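A quick write-up on the structure given underneath.
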Amino acid sequence: MNAGSSYPLLFAIDSPADLRKLSVSDLERVSAELRQYLIETVSQMGGHFAAGLGAVELTVALHYVFDTPHDRLVWDVGHQAYPHKVLTGRRDLLKTIKSKGGLAPFPTRSESHYDTFGVGHSSTSISAALGMAIAAARNGEQRRVVAVIGDGAMSAGMAFEALNHAGSLDVDMLVVLNDNDMSISENVGAFSNYFARVLSGKLYVTLREGSKKVLRRMPTVWELARRSEEHIKGMVLPGTIFEELGFNYIGPIDGHDIGALVATLKNLRDLKGPQFLHVITRKGKGYPPAEADPIKWHGPGPFDPKSGVIFKEKISGPTYSQVFGEWICDMAALDPKIVAITPAMREGSGLVEYSKRFPDRYFDVAIAEQHAVTLAAGMACDGLKPVVAIYSTFLQRAYDQLIHDVALQKLPVTFAIDRAGLVGGDGATHQGAFDLSYLRCVPNLLIMAPADENECRQMLFTAVQSQMPAAVRYPRGQGPGVAIEKTMRALPIGKAQVRREGRSGLAIVAVGAMVPTCERVAATLDATLVNLRFVKPLDEELLLEIAATHRALVTVEENAVAGGAGSAIGELLAAHRVELPLLHLGIPDRFIEHGSREDCLAAAGLDLASIEAAIARWWRVPARAAS
């Protein structure tokens, strides 16, 4: 039996134009086939899963009602966009998603003209859609613009900034809130609680429906009741906040009722001005294990679709995230002033155990990176010791706060920067390629990069003990597998480590995760190897000594070459008028696309073979080095 026979309607859809040829009565079957196809395909290769299952009917309805791609459909984040990719001509390529040369993990403009805006970070959809709506009006083009945003993404300030602006303009756009009460971790905060409380309560419905029958017979009292209803509505109804921002609010409606979705969207399509549709969906819909635990099934690896067993890779040791998670639990047990902050990345950052053991000292601020950093600054002002656990790519969103609210005021905030360097399947939007470049130019900031798991633990301790703004950046996944010392000790600030003395006249200065690879390169070339450890402050004494005793110097880092640690070393040598052949190896001046971490390292020229080849092209190894 071929795949097409299992999905007769779905495999006849090569574009949304084919979908729109079907009757509304066919759409429920299309949705069922699409959901089953996602389960079958993602089970083979892994990928974002639960969010897409929950958005199946919504995706089908949007492409059915709107004339995409003429009408613009803008997805937020993109975790929910797998169904969109399937319906827009990429069905047969879905099995390649996140792999080298395959489909991108998120909507990407270069991949399809149906992907109207590239995304990876959350809460951008409303701003982008508003820009498109303004452009359409300015260009005299009759097109609708739709932004689809999750309730987790709605917790970010950027989303409300865009809503506030859009509501003041006479533009035709629709914002669809896909409300499933989940982001990646559980949604937190007053806004999320507000939705849940209102949607489960009976106060408004009872007032509105029960009183009408009696009070309509009493005109004066009915008018008073009507005003009371509006007052209650203003206090509790979720639509009020959006109406106050200038939107026409519709909903909430069942996001899995395809008929209701199509009918509602058709009505909204013809309305002028800013419209807001509130849709209730269930993350993981149609696959019981994902419905029961959408966090676990946010982005699983390959799994058995019948049993729901996720096939796990054999792991010989802890990941860097787990090293951090164990360290902060140990640290919190020793010091009651330790507090942890994360912007909705509890699981990814290794904070699950900490959140259970120290719930009163754990703060998940939702998708609000700017707030996370300034919250930490405020805590540090009054004696707490905040540790901000954040991905490198997400810290970019809080750069102003890092500079003004932490570094300028010399506040002792520790940044545990996960996913530094190349992360693999999530691709260009999530590569931690720039943190050394954007951090090292900031005054008052201590910056460390561990070469292994034990250094990571000791550097985190060093950061807290330093009583200054400090960052420890470490990669995704496992380290080289060294033994981790339970005892914590502060490293001497700004001191590098010579790991190997060479005789060839070549010195290699490696940063963080590049040290283990460069140990093999140094052994092959009989080169001296320095583990830099501190990107700021540099070990100037050692580096100048190395420069004086060697004939050439190579720097290797898993960060952009532009402005990175190698640049800092070059600046040091130039300031001391040291003339020395200098080669900087790192992430080149281009975005590295998705693939395995190994694929990404090779694409950046940072795998073992590429590093050796680059050095060989640049510097002739003396014959005696062969020994």
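Starting from 1 in every chain, residues are counted up; chains themselves are A, B, ... following the order of the structure tokens, and ligands are numbered from 1 as listed.
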
Checklist entry - Using only C-alpha atoms, which residues sit within 10 Å of A:Asp92 once same-chain residues fewer than 5 positions away are excluded, as a PyMOL selection string? => result chain A and resi 11+14+41+85-86

Checklist entry - Can you list, as a PyMOL selection string, every protein, DNA or RNA residue that comes within 12 Å of A:Leu446 when you count only C-alpha atoms, leaving out same-chain residues fewer than 2 positions away? => result chain A and resi 406-407+410-415+436+439-444+448-449+459-460+462-473+493-494+533-538

Let's have the selection written as a compact mmCIF listing (two decimals), in the first residue's frame, with C-alpha atoms.
# COMPACT_ATOMS: atom_id res chain seq x y z
CA VAL A 406 23.40 45.00 35.14
CA ALA A 407 26.86 45.91 33.84
CA LYS A 410 28.10 46.56 38.48
CA LEU A 411 25.40 44.29 39.87
CA PRO A 412 26.41 40.71 40.72
CA VAL A 413 24.18 38.81 38.32
CA THR A 414 25.39 35.47 36.95
CA PHE A 415 24.39 34.54 33.40
CA LEU A 436 31.29 36.42 22.92
CA LEU A 439 29.44 40.47 25.57
CA ARG A 440 33.15 41.23 25.52
CA CYS A 441 32.65 44.86 24.50
CA VAL A 442 30.57 45.50 27.64
CA PRO A 443 32.54 47.00 30.57
CA ASN A 444 32.49 45.42 34.06
CA MET A 448 34.23 32.50 30.96
CA ALA A 449 34.04 29.52 28.61
CA MET A 459 33.31 28.56 36.52
CA LEU A 460 29.69 28.87 37.62
CA THR A 462 33.59 31.42 40.28
CA ALA A 463 30.96 33.65 38.70
CA VAL A 464 28.84 33.78 41.85
CA GLN A 465 31.85 34.24 44.10
CA SER A 466 33.22 37.09 41.97
CA GLN A 467 30.51 39.49 43.17
CA MET A 468 30.44 41.10 39.73
CA PRO A 469 28.40 40.73 36.55
CA ALA A 470 29.56 37.40 35.15
CA ALA A 471 28.75 35.09 32.24
CA VAL A 472 29.56 31.43 31.75
CA ARG A 473 28.84 30.23 28.22
CA ILE A 493 40.22 35.41 37.67
CA GLY A 494 41.67 36.01 34.23
CA ARG A 533 39.19 29.98 29.99
CA PHE A 534 38.62 33.73 30.45
CA VAL A 535 37.58 35.74 27.42
CA LYS A 536 37.39 38.79 29.67
CA PRO A 537 39.68 39.64 31.30
CA LEU A 538 42.32 38.03 29.11

Checklist entry - Which neighbours of stretch 506-508 of chain A fall inside 8 Å, counting only C-alpha atoms, when residues of the same chain fewer than 3 positions from it are skipped, and could you give them as number ranges by chain? => result A: 502-503, 518, 522, 526-530, 546, 550-556

Item to check | From A:Phe117, A:Tyr287, A:Phe242, A:Phe303, residue lying nearest A:His165 [only C-alpha atoms] | outcome: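 Among the listed residues, A:Phe242 lies closest to A:His165.
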
Next on the checklist: Report, in Å to a single decimal, how far apart atom CA of A:Asp115 and atom CA of A:Ala12 are.
Outcome noted: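 Interatomic distance, atom CA of A:Ala12 to atom CA of A:Asp115: 21.0 Å.
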
Item to check | Option closest in space to A:His63, from A:Val339, A:Leu265, A:Ala137, A:Val578 [counting only C-alpha atoms] | outcome: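 The answer is A:Leu265, which sits nearest to A:His63.
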
Next on the checklist: Please extract the residues of stretch 456-499 of chain A with a backbone DSSP assignment of strand (DSSP E or B) and present them as JSON, numbers by chain.
Outcome noted: {"A": [470, 471, 472, 473, 478, 497, 498, 499]}

Checklist outcome for this item: One residue among A:Lys272, A:Lys21, A:Arg109, A:His256 is nearest to A:Arg144 when using only C-alpha atoms, and that residue is A:Lys272

Item to check | Shell of 9 Å around A:Glu557, only C-alpha atoms, local chain residues under 3 positions omitted, as a PyMOL selection string | outcome: chain A and resi 421+509-515+560-561+564-566+584-587+606

Next on the checklist: For A:Gly118, find every residue with an atom within 8 Å (counting only C-alpha atoms), except residues of its own chain fewer than 4 positions away, and show them as a ChimeraX atom specification.
Outcome noted: /A:106-109

Take the residues just selected and output them with N, CA and C atoms as a short mmCIF file (atom, residue, chain, number, x, y, z; two decimals), in the first residue's frame.
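Output contents, as saved in again-v7.cif:
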data_model
loop_
_atom_site.label_atom_id
_atom_site.label_comp_id
_atom_site.auth_asym_id
_atom_site.auth_seq_id
_atom_site.Cartn_x
_atom_site.Cartn_y
_atom_site.Cartn_z
N PHE A 106 11.73 26.08 11.01
CA PHE A 106 10.74 27.13 11.19
C PHE A 106 10.40 27.74 9.83
N PRO A 107 9.32 28.51 9.73
CA PRO A 107 9.04 29.22 8.48
C PRO A 107 10.24 30.05 8.04
N THR A 108 10.59 29.94 6.77
CA THR A 108 11.79 30.58 6.24
C THR A 108 11.48 31.15 4.86
N ARG A 109 11.66 32.43 4.68
CA ARG A 109 11.27 33.09 3.43
C ARG A 109 11.97 32.50 2.21
#

Item to check | Long-range neighbours of A:Ser392 as a list in words, 9 Å cut-off, only C-alpha atoms, 5 positions minimum in chain | outcome: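 In the requested form, the answer reads Ile417, Asp418, Arg419, Ala420, Gly421, His430, Gln431, Gly432, Ala433, Phe434, Asp435 and Arg473 of chain A.
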
Please write the residues from the selection above to a file, keeping C-alpha atoms, as a PDB file, in the first residue's frame.
ATOM      1  CA  ILE A 417      24.425  30.917  28.930  1.00  0.00           C
ATOM      2  CA  ASP A 418      23.318  27.595  27.467  1.00  0.00           C
ATOM      3  CA  ARG A 419      23.412  26.583  23.770  1.00  0.00           C
ATOM      4  CA  ALA A 420      26.450  28.773  23.109  1.00  0.00           C
ATOM      5  CA  GLY A 421      27.931  28.013  19.722  1.00  0.00           C
ATOM      6  CA  HIS A 430      19.008  29.411  17.383  1.00  0.00           C
ATOM      7  CA  GLN A 431      22.769  29.197  16.805  1.00  0.00           C
ATOM      8  CA  GLY A 432      24.587  30.821  19.706  1.00  0.00           C
ATOM      9  CA  ALA A 433      27.098  32.407  17.371  1.00  0.00           C
ATOM     10  CA  PHE A 434      27.418  35.933  18.722  1.00  0.00           C
ATOM     11  CA  ASP A 435      27.535  35.997  22.517  1.00  0.00           C
ATOM     12  CA  ARG A 473      28.838  30.229  28.215  1.00  0.00           C
TER      13      ARG A 473
END

Checklist entry - When DSSP works through the backbone of this structure, what residues of stretch 450-556 of chain A end up as alpha helix (DSSP H), shown as a ChimeraX atom specification? => result /A:453-465,515-525,540-549

Checklist entry - Counting only C-alpha atoms, which of A:Trp327, A:Gly167, A:Pro16, A:Ala366 gets nearest to A:Glu455? => result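 Checking each of A:Trp327, A:Gly167, A:Pro16, A:Ala366 against A:Glu455, counting only C-alpha atoms, the winner is A:Trp327.
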
Checklist entry - Counting only C-alpha atoms, what is within 12 Å of A:Asp67, bar same-chain residues fewer than 4 positions away, as a PyMOL selection string? => result chain A and resi 15-20+61-63+71-73+114+142-146+266+269

With N, CA, C and O atoms kept, could you save the residues just selected as a compact mmCIF listing (two decimals), in the first residue's frame?
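Output below, filename out_12.txt:
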# COMPACT_ATOMS: atom_id res chain seq x y z
N SER A 15 -0.93 22.31 -2.93
CA SER A 15 -0.90 23.73 -2.58
C SER A 15 -2.24 24.08 -1.96
O SER A 15 -3.22 23.33 -2.11
N PRO A 16 -2.34 25.21 -1.27
CA PRO A 16 -3.63 25.62 -0.72
C PRO A 16 -4.72 25.78 -1.78
O PRO A 16 -5.90 25.64 -1.47
N ALA A 17 -4.33 26.06 -3.02
CA ALA A 17 -5.33 26.17 -4.09
C ALA A 17 -6.07 24.84 -4.26
O ALA A 17 -7.28 24.83 -4.52
N ASP A 18 -5.36 23.72 -4.10
CA ASP A 18 -6.01 22.40 -4.17
C ASP A 18 -6.94 22.21 -2.98
O ASP A 18 -8.02 21.63 -3.12
N LEU A 19 -6.51 22.67 -1.83
CA LEU A 19 -7.35 22.56 -0.62
C LEU A 19 -8.65 23.31 -0.82
O LEU A 19 -9.74 22.83 -0.45
N ARG A 20 -8.59 24.47 -1.44
CA ARG A 20 -9.78 25.31 -1.60
C ARG A 20 -10.77 24.76 -2.63
O ARG A 20 -11.89 25.25 -2.72
N ALA A 61 -8.15 25.56 8.13
CA ALA A 61 -9.17 26.60 7.96
C ALA A 61 -8.57 27.90 7.42
O ALA A 61 -9.16 28.56 6.56
N LEU A 62 -7.40 28.28 7.92
CA LEU A 62 -6.77 29.53 7.46
C LEU A 62 -6.43 29.46 5.97
O LEU A 62 -6.71 30.39 5.21
N HIS A 63 -5.84 28.36 5.54
CA HIS A 63 -5.48 28.24 4.12
C HIS A 63 -6.73 28.04 3.24
O HIS A 63 -6.69 28.37 2.05
N ASP A 71 -2.85 36.57 0.25
CA ASP A 71 -3.11 36.98 1.62
C ASP A 71 -1.94 36.49 2.47
O ASP A 71 -1.46 35.36 2.31
N ARG A 72 -1.48 37.31 3.36
CA ARG A 72 -0.27 36.99 4.13
C ARG A 72 -0.63 36.25 5.42
O ARG A 72 -1.46 36.73 6.21
N LEU A 73 0.01 35.12 5.62
CA LEU A 73 -0.17 34.34 6.84
C LEU A 73 1.16 34.33 7.58
O LEU A 73 2.16 33.82 7.07
N TYR A 114 5.12 30.87 0.61
CA TYR A 114 4.06 30.80 1.61
C TYR A 114 4.58 31.18 3.00
O TYR A 114 3.79 31.48 3.89
N GLN A 142 -5.20 44.92 -2.36
CA GLN A 142 -6.30 44.32 -1.61
C GLN A 142 -5.87 42.94 -1.12
O GLN A 142 -5.95 41.96 -1.83
N ARG A 143 -5.34 42.93 0.07
CA ARG A 143 -4.94 41.64 0.64
C ARG A 143 -5.20 41.66 2.14
O ARG A 143 -5.20 42.72 2.78
N ARG A 144 -5.46 40.50 2.68
CA ARG A 144 -5.63 40.36 4.12
C ARG A 144 -4.32 39.87 4.73
O ARG A 144 -3.54 39.15 4.09
N VAL A 145 -4.08 40.26 5.97
CA VAL A 145 -2.88 39.83 6.69
C VAL A 145 -3.32 39.20 8.00
O VAL A 145 -4.12 39.78 8.74
N VAL A 146 -2.79 38.00 8.26
CA VAL A 146 -3.18 37.24 9.45
C VAL A 146 -1.94 36.88 10.25
O VAL A 146 -0.98 36.32 9.70
N LYS A 266 -14.42 33.29 7.61
CA LYS A 266 -15.03 33.93 6.45
C LYS A 266 -15.68 35.25 6.82
O LYS A 266 -15.59 36.25 6.10
N ARG A 269 -12.87 37.75 7.52
CA ARG A 269 -12.14 38.11 6.31
C ARG A 269 -12.71 39.36 5.65
O ARG A 269 -11.96 40.17 5.06

Checklist entry - Separation of atom CA of A:Ile149 and atom CA of A:Arg91, in Å? => result 23.0 Å

Checklist entry - atom CA of A:Thr96 to atom CA of A:Pro288: how many Å, to one decimal? => result 25.0 Å
